[in-house]
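Some notes on the structure that comes next.
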There are 2 protein chains.
Amino acid sequence: MYDFIAAENKFEKENIAWNGNRFLTGNGYFGIRGTLEEYTKEQMCAVNMAGIYDRVGDAWRESVNAPNPLYTYIKINGVKYALPEAEPLSHSQTLDFRRGLHLRTTSWQTPGGSVTVSCERFASMSRRRFIGMRYSVKTDFDCAAEIVTGIDGDVWDINGPHFVKMRIGDENGIKSVTGITGEKAVSVTAAERLYVLFDAETETEKTDKAVLSHIRFKAAAGTEYAIEKTSYIVTSADDFTEECTTSEVTYRELKDEHISAWDKIWSLSEIEIDGDDEAMYALNYSIYHLNCIAPRGMRSRSIPARGLSGQVYKGAVFWDTEMFMIDYYIHTEPEIAKTLLQYRIDTIGGALKKAEEYGLQGAYYAWESQEGGYEGCSDYNVTDVFTNRPMRTHFRDKQYHVSAAIVYGLMKYIRGTGDYDILNGGALGMVVECARFYRSLLLKYADKPYYEIHDVVGPDEYHERVNNNIYTNRMAKLVFDTALELIDIAGRRYPDRAAELDKKYGIEALRAMLSDSSEKLFIREPDENGIIEQFDGYFKLEDVSVDEVRSRLIDPREYWGGAYGVAAGTQVIKQADTAAMLSMFADEYGADILKRNFDYYEPRTEHGSSLSACMYSLLACRIGEAEKAYPLFMKSAKADLVKGGKEWAGLIYIGGTHPASEGGAWIVAVNGFAGITETENGIECRPLLPEKWNAMRFKLVYKGRLYGVSITKAGAEIKEI
Amino acid sequence: MYDFIAAENKFEKENIAWNGNRFLTGNGYFGIRGTLEEYTKEQMCAVNMAGIYDRVGDAWRESVNAPNPLYTYIKINGVKYALPEAEPLSHSQTLDFRRGLHLRTTSWQTPGGSVTVSCERFASMSRRRFIGMRYSVKTDFDCAAEIVTGIDGDVWDINGPHFVKMRIGDENGIKSVTGITGEKAVSVTAAERLYVLFDAETETEKTDKAVLSHIRFKAAAGTEYAIEKTSYIVTSADDFTEECTTSEVTYRELKDEHISAWDKIWSLSEIEIDGDDEAMYALNYSIYHLNCIAPRGMRSRSIPARGLSGQVYKGAVFWDTEMFMIDYYIHTEPEIAKTLLQYRIDTIGGALKKAEEYGLQGAYYAWESQEGGYEGCSDYNVTDVFTNRPMRTHFRDKQYHVSAAIVYGLMKYIRGTGDYDILNGGALGMVVECARFYRSLLLKYADKPYYEIHDVVGPDEYHERVNNNIYTNRMAKLVFDTALELIDIAGRRYPDRAAELDKKYGIEALRAMLSDSSEKLFIREPDENGIIEQFDGYFKLEDVSVDEVRSRLIDPREYWGGAYGVAAGTQVIKQADTAAMLSMFADEYGADILKRNFDYYEPRTEHGSSLSACMYSLLACRIGEAEKAYPLFMKSAKADLVKGGKEWAGLIYIGGTHPASEGGAWIVAVNGFAGITETENGIECRPLLPEKWNAMRFKLVYKGRLYGVSITKAGAEIKEI
């Protein structure tokens, strides 16, 4: 069994924010940033809650951070030793991601000798409310020591403070801090049971936002003094499918259960690669993150674009989930995939409302979806670095492709699980409303025979308000075709659902509308060079290199897109767009067309989105070019392992984890390199291993059955387990 | 007879640029900026040529300035005395605009005594190539004097230099400087005959760009020493309808003819107002400018948006001509109006090409039309003040209403002159091609019954890329209706033209297309408050005052429009848009609707364009509110009389004369206050004089006949003369 450890063995102040992301732990109910125990909001500490949002004044709505029950520091002879202020003698921070453990050890020199603190903690994967933490102190001299630990309600917020009321509790051995949000009065409680494993005098301090224990003791040289805390979170917006207890559990029990739960996860999801430890490591690290944020045991919840690493991107759910993450869950724990889709089914109200707001029909899903499908995206989503003014962007109003991504995700789920019954639970209506949405976008010139879709933002956000974006048009067609297919299926299998539709729209009228739309929608053909123009007029834009465009930046943080960004008037694109379409609809094009488009678009792509590299990588696999695919795959798999990702869009901080990139890496590994392909007879394996990969082994759930896949240079085998 | 004098009696350095505009002289072949004789390109001297353009490198194409034959200065005892360097004792600069004379007198103190120079000059209104100039010197002490005079080929250019070759001539008593443009090798020659009216030693100096006479003499105290020059311009791109001689003429003869020509102009065009000298002055000053730039005696030429005051706006022709200027010419010298329209008819090639460039049909006239209908407008027409980068603007590609303005101008001409024969000379085809252009813009949503026009810039340029701009849609409908009407007329009167059309498009198919387009084009109705929304979603924009928007400027020169300008997200508009439509189609709406829209839009209008005030003023007249109309009329009439006009759009200088505003003032005076209205029986007068106007008298040409109009508080009379 390969060791899964990410570590930093020296304290680097400038890594504080990044470490918060790469050392993240989580269990889908919350994410805990990889910050140190003594940190406060200054160091962007967060126990970031899934699915709870709040707005303060006119600022962006964003997810809410719970009071922090990890808050702990040490005093020696009355003096506090804490990072980042006190320079350490030595320091290490470690993520054991096979077991979901966050570890840190730090030593400081004090006037009387040195002190070392260690802490082990985890977001419980078995009892989803719980956080376990063991904090110990050792000195090399006798001294008066004090561990200060408790719950810090003065949390980090981007657009806070969200808690308009705080309640501090200390009853029956349980200390707690409860925050009540201002907008919707959601309560978020962090509570703790503290176990002091040595003789000490403990005093409780309550402030208006925190409750702290001051544990004072005489430390003898060479002796370890440890405390353990079993903390838990309870909110008034929980969505667990079964009761999720808060009853007492020892740290040891909690940790054992937690490690067992991770063992079980890894037994299903670990991917072994012979010959390329770096790739294996990055890929399983990606899988780790996908598991930290999976809404296990919940009914109807999805995953934010930055996972549970904070409030960046408002903690909102993007198309990322259905495009790039859901595949992993479908093929390891399909119940999680269903939970993700259930969130979309349940939030159709928000999508219907958004369409109506724009004078459109059907379901226009939020670009940045929050609870209830609320659109978290503002019309002003980037800040101009030159004027400090909000810039009018078109993510919210013109990125029409989001609804199609949801339909696409649903179909991947149905095809991968065989669970058509989801149609009986709201999914059919959802697809039909998405189709009605695209129908209401269709425009026809008076004297032209086909439909067009105008004024859109495609995946390549650097070119706003374009016409006939190939990705958007093709995805709209997919929605029409899918609706037709599912209406037929419903007619046979779920007649009540079909009858409902018939009553509402008339099945025949609906069918006629869908066929008309699908048949007449303009899908641009490859030109004489085999290249498909990304949108009307794209080829007329300045054809210039990514480096040249970058060299035109005046401020490194300025936005490349928008009306006047450096990329806007050029063919340089942000991310896979035509290539995304081709990687999804590869079967409809010859390998030569795929290759020509890869060769044309890839060098013109900034890869300014973490969604880009995996799409190109997958396309390279479709062309049979594993070596071209490989670096793009690695870029995708290492999105959170390598420092220096894009952290700014204008003046807006966009750092955090990149689960879509990690999900994308999984897709490339499984569907690209392993070449797992659905056929009429089930799944097949058409491997295309990178040269240095000698073998690859992993498990896969397909239509309710578990398969073991084993690939070597000699051949491939898929075996039901 | 009222005196027409504009004067500055003190030298004000900061007025140099503005004086160049307000003291302009011209004759339609060229405009001479109101700069002083000793000025060079530093002071923006220009003999700005109509209809000649040149490009240098990648810079904007612009009109060309001829070598300057006015260049003259004085030396006293070897020392040069010239503004703006040498501080004067006294100075006056005068425009006698009744006689088209530019006058200046300046005195300087010299060590030996004072010297006074005077100069009288004019752009000949009789011999269109000629410039007359009389320059005199007087000292109050005996001294050695020298007049330096000649032709300065080192001309002012915004995006020059345009002359790649210069030729200096001095033969048969004629000195000349010829410049050859780089792009099209157009030659522009300025020549002069010099008459020294006293004894002097004259020496000729030739440089590579100039030819100068050094006239040296002993000046006796109190004696006036005068020279006279009769200069002329010849170019290889002239378009006179009859031979335009350069043969010798004395200054006196030239001046007498010139004044007679202006007398004749004023006998037709002067407007007398009793009780309001200020208005009368401003209005006739406006009429003066319209005459300085009228392409009299030319076959096919139009008027740039900044007249002949320089290269601002590239010397290009805008919709201004047909919307705001042509009315004056139609009703005073209709041949000039015909020349303006002939320019459009002749340049349809450029318009057909432009439509094709955008994948559209028919004739899409240039936003900034140069020779041959060449589109002078760039995709990047404003410079960002914060980044100094060119901003992608949509004047060129989306300001679709320009073609409709030309059709509208044509119809005003036909209705005002009765000259249907213009249809036989290309105008019918032009209208049909404009209609085909608008047809190709029509879009229909799959499930809606009407046509829309999307993604346009209306007259209000602060809101780019909007849908269903009311002005644009209504004007498109006008084009369809006009084409239908003219096809019918052609069928009866010009069967050859109708047959040509039939052969090309099929008359019945054309009729069907035009009817379908006109009937189904969406023309937004007034809402429940009687207000017509300017475009889809306008009412959803922030409703905030013009002053509030202004207060948000960071840099006073920054552009209000574009994607992120301070006005873009608000209801503040640049200029009359809905109001322009209503002032033109007032008959289709009740007075209450007109009033409600005036009251709604006027306070939300920045009047950032000189085309705005006159439209609102006319609308106010349509509502019967002369006192509301009056200040807007005055603003329009005084556009070039009052300092402080908008001189910047981003970092682009946009100063110069404002003939559209001046033409607009004439329209308000004649169609608004005098209430001249076409009826089935000819013209009627429905006066609505501002309170302080006791009477108004002017002449008017209508369908080939000259009428005198006389209005008093007691009544109005129209009498054929």
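Residue numbering restarts at 1 in every chain; chains get A, B, ... in the order shown in the structure tokens, and ligands count up from 1 in that same order.
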
Practice prompt. Determine, counting only C-alpha atoms, which protein, DNA and RNA residues have an atom within 7 Å of an atom of range 655-662 of chain B; residues of the same chain fewer than 2 positions away are not included. Present the result as a PyMOL selection string.
Written response: chain B and resi 21+286-287+289-290+305-307+309-310+312+320-321+324-325+610-611+614+636-637+639-640+647+653+664-666

Worksheet item: Which of range 90-248 of chain B counts as strand (DSSP E or B) under DSSP, as a PyMOL selection string please?
Response: chain B and resi 90-96+101-110+113-123+130-139+143-152+163-171+174-181+187-196+201-206+210-219+224-235+240

Find the nearest atom pair between each residue of chain B and chain A for residues within 8 Å, count only C-alpha atoms, give distances in Å to one decimal, sort rows by chain and ascending number, and present the table as JSON lines.
```
{"residue": "B:Phe386", "atom": "CA", "partner": "A:Phe386", "partner_atom": "CA", "distance": 6.4}
{"residue": "B:Thr387", "atom": "CA", "partner": "A:Phe386", "partner_atom": "CA", "distance": 7.5}
{"residue": "B:Met391", "atom": "CA", "partner": "A:Tyr564", "partner_atom": "CA", "distance": 6.1}
{"residue": "B:Arg392", "atom": "CA", "partner": "A:Tyr564", "partner_atom": "CA", "distance": 6.3}
{"residue": "B:Arg439", "atom": "CA", "partner": "A:Ala446", "partner_atom": "CA", "distance": 7.2}
{"residue": "B:Ser440", "atom": "CA", "partner": "A:Ala446", "partner_atom": "CA", "distance": 7.0}
{"residue": "B:Leu441", "atom": "CA", "partner": "A:Tyr445", "partner_atom": "CA", "distance": 7.1}
{"residue": "B:Leu442", "atom": "CA", "partner": "A:Ala446", "partner_atom": "CA", "distance": 5.6}
{"residue": "B:Leu443", "atom": "CA", "partner": "A:Tyr445", "partner_atom": "CA", "distance": 4.4}
{"residue": "B:Lys444", "atom": "CA", "partner": "A:Lys444", "partner_atom": "CA", "distance": 5.2}
{"residue": "B:Tyr445", "atom": "CA", "partner": "A:Leu443", "partner_atom": "CA", "distance": 4.4}
{"residue": "B:Ala446", "atom": "CA", "partner": "A:Leu442", "partner_atom": "CA", "distance": 5.6}
{"residue": "B:Asp447", "atom": "CA", "partner": "A:Ser440", "partner_atom": "CA", "distance": 7.3}
{"residue": "B:Tyr451", "atom": "CA", "partner": "A:Ala446", "partner_atom": "CA", "distance": 7.7}
{"residue": "B:Ile554", "atom": "CA", "partner": "A:Thr387", "partner_atom": "CA", "distance": 7.7}
{"residue": "B:Ala563", "atom": "CA", "partner": "A:Ala563", "partner_atom": "CA", "distance": 6.2}
{"residue": "B:Tyr564", "atom": "CA", "partner": "A:Met391", "partner_atom": "CA", "distance": 6.1}
{"residue": "B:Gly569", "atom": "CA", "partner": "A:Arg392", "partner_atom": "CA", "distance": 8.0}
```

Practice prompt. For range 235-241 of chain A, please output as number ranges by chain all residues within 6 Å (counting only C-alpha atoms; exclusion window: fewer than 2 positions along the same chain).
Written response: A: 186-188, 297-299

Worksheet item: Which polymer residues have any atom within 12 Å of an atom of Val572 in chain B, counting only C-alpha atoms, with same-chain residues fewer than 5 positions away left out, as a ChimeraX atom specification?
Response: /B:460-463,534,538-539,541-550,560-561,565-567,577,600-608

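Residues in contact range of Leu688 in chain B, defined as at most 10 Å between only C-alpha atoms, with sequence neighbours fewer than 2 positions away removed, read Cys621, Arg622, Gly624, Glu625, Ala626, Glu627, Ala669, Asn671, Gly672, Phe673, Ala674, Gly675, Cys685, Arg686, Pro690, Glu691, Trp693, Ile711 and Lys713 of chain B.
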
Worksheet item: Between B:Tyr71, B:Tyr400, B:Phe30, B:Tyr413, which one has atoms that come closest to Ser124 in chain B, using only C-alpha atoms?
Response: B:Phe30

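Taking CA of Gly491 in chain B as the reference point, CA of Arg301 in chain B is found at 29.0 Å.
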
Discussion item. Could you list, as a ChimeraX atom specification, every residue within 9 Å of range 138-149 of chain A, counting only C-alpha atoms and ignoring same-chain residues fewer than 6 positions away?
Written reply: /A:37-38,69-78,80,112-118,194,211-227

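If you measure from each of A:Thr332, A:Thr383, A:Gln370, A:Thr189 to Arg705 in chain A using only C-alpha atoms, the closest one turns out to be A:Thr332.
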
Worksheet item: Got a sec to tell me which of range 580-677 of chain A DSSP assigns to helix (DSSP H, G or I), as a ChimeraX atom specification?
Response: /A:580-584,586-588,591-604,612-623,626-637,659-673

Practice prompt. Extract, using only C-alpha atoms, all DNA, RNA and protein residues at most 9 Å from Thr178 in chain B, discarding same-chain residues fewer than 4 positions from it, and format them as a PyMOL selection string.
Written response: chain B and resi 66-67+153+163+165-169+187-191+209+235

Selected residues written out with N, CA and C atoms, as a compact mmCIF listing (two decimals), in the first residue's frame:
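Dumped everything to out-v2.txt:
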```txt
# COMPACT_ATOMS: atom_id res chain seq x y z
N ALA B 66 -4.41 71.14 -46.61
CA ALA B 66 -3.58 71.65 -47.69
C ALA B 66 -2.40 72.45 -47.12
N PRO B 67 -1.32 72.61 -47.90
CA PRO B 67 -0.29 73.58 -47.51
C PRO B 67 -0.97 74.93 -47.26
N GLY B 153 4.05 74.30 -45.98
CA GLY B 153 3.61 72.92 -46.24
C GLY B 153 3.78 71.99 -45.04
N PHE B 163 1.65 64.02 -46.45
CA PHE B 163 2.36 64.29 -47.71
C PHE B 163 3.70 63.57 -47.69
N LYS B 165 5.50 63.31 -50.48
CA LYS B 165 6.38 64.09 -51.36
C LYS B 165 5.89 65.52 -51.36
N MET B 166 6.82 66.46 -51.43
CA MET B 166 6.45 67.87 -51.52
C MET B 166 7.16 68.43 -52.75
N ARG B 167 6.46 69.30 -53.45
CA ARG B 167 7.08 70.00 -54.60
C ARG B 167 6.93 71.48 -54.37
N ILE B 168 8.02 72.21 -54.50
CA ILE B 168 7.98 73.66 -54.31
C ILE B 168 8.09 74.31 -55.68
N GLY B 169 7.17 75.21 -56.00
CA GLY B 169 7.20 75.86 -57.31
C GLY B 169 7.34 77.37 -57.18
N SER B 187 -2.68 64.71 -55.20
CA SER B 187 -1.85 65.92 -55.09
C SER B 187 -2.71 67.07 -54.60
N VAL B 188 -2.16 67.85 -53.70
CA VAL B 188 -2.84 69.02 -53.15
C VAL B 188 -1.88 70.20 -53.29
N THR B 189 -2.26 71.14 -54.14
CA THR B 189 -1.39 72.28 -54.39
C THR B 189 -2.00 73.55 -53.81
N ALA B 190 -1.19 74.29 -53.07
CA ALA B 190 -1.58 75.65 -52.71
C ALA B 190 -0.65 76.58 -53.46
N ALA B 191 -1.24 77.58 -54.13
CA ALA B 191 -0.44 78.51 -54.92
C ALA B 191 -0.81 79.93 -54.55
N LYS B 209 9.68 72.20 -47.48
CA LYS B 209 8.22 72.16 -47.30
C LYS B 209 7.55 73.51 -47.47
N THR B 235 -6.50 70.36 -56.43
CA THR B 235 -6.16 68.99 -56.05
C THR B 235 -6.48 68.04 -57.18
```
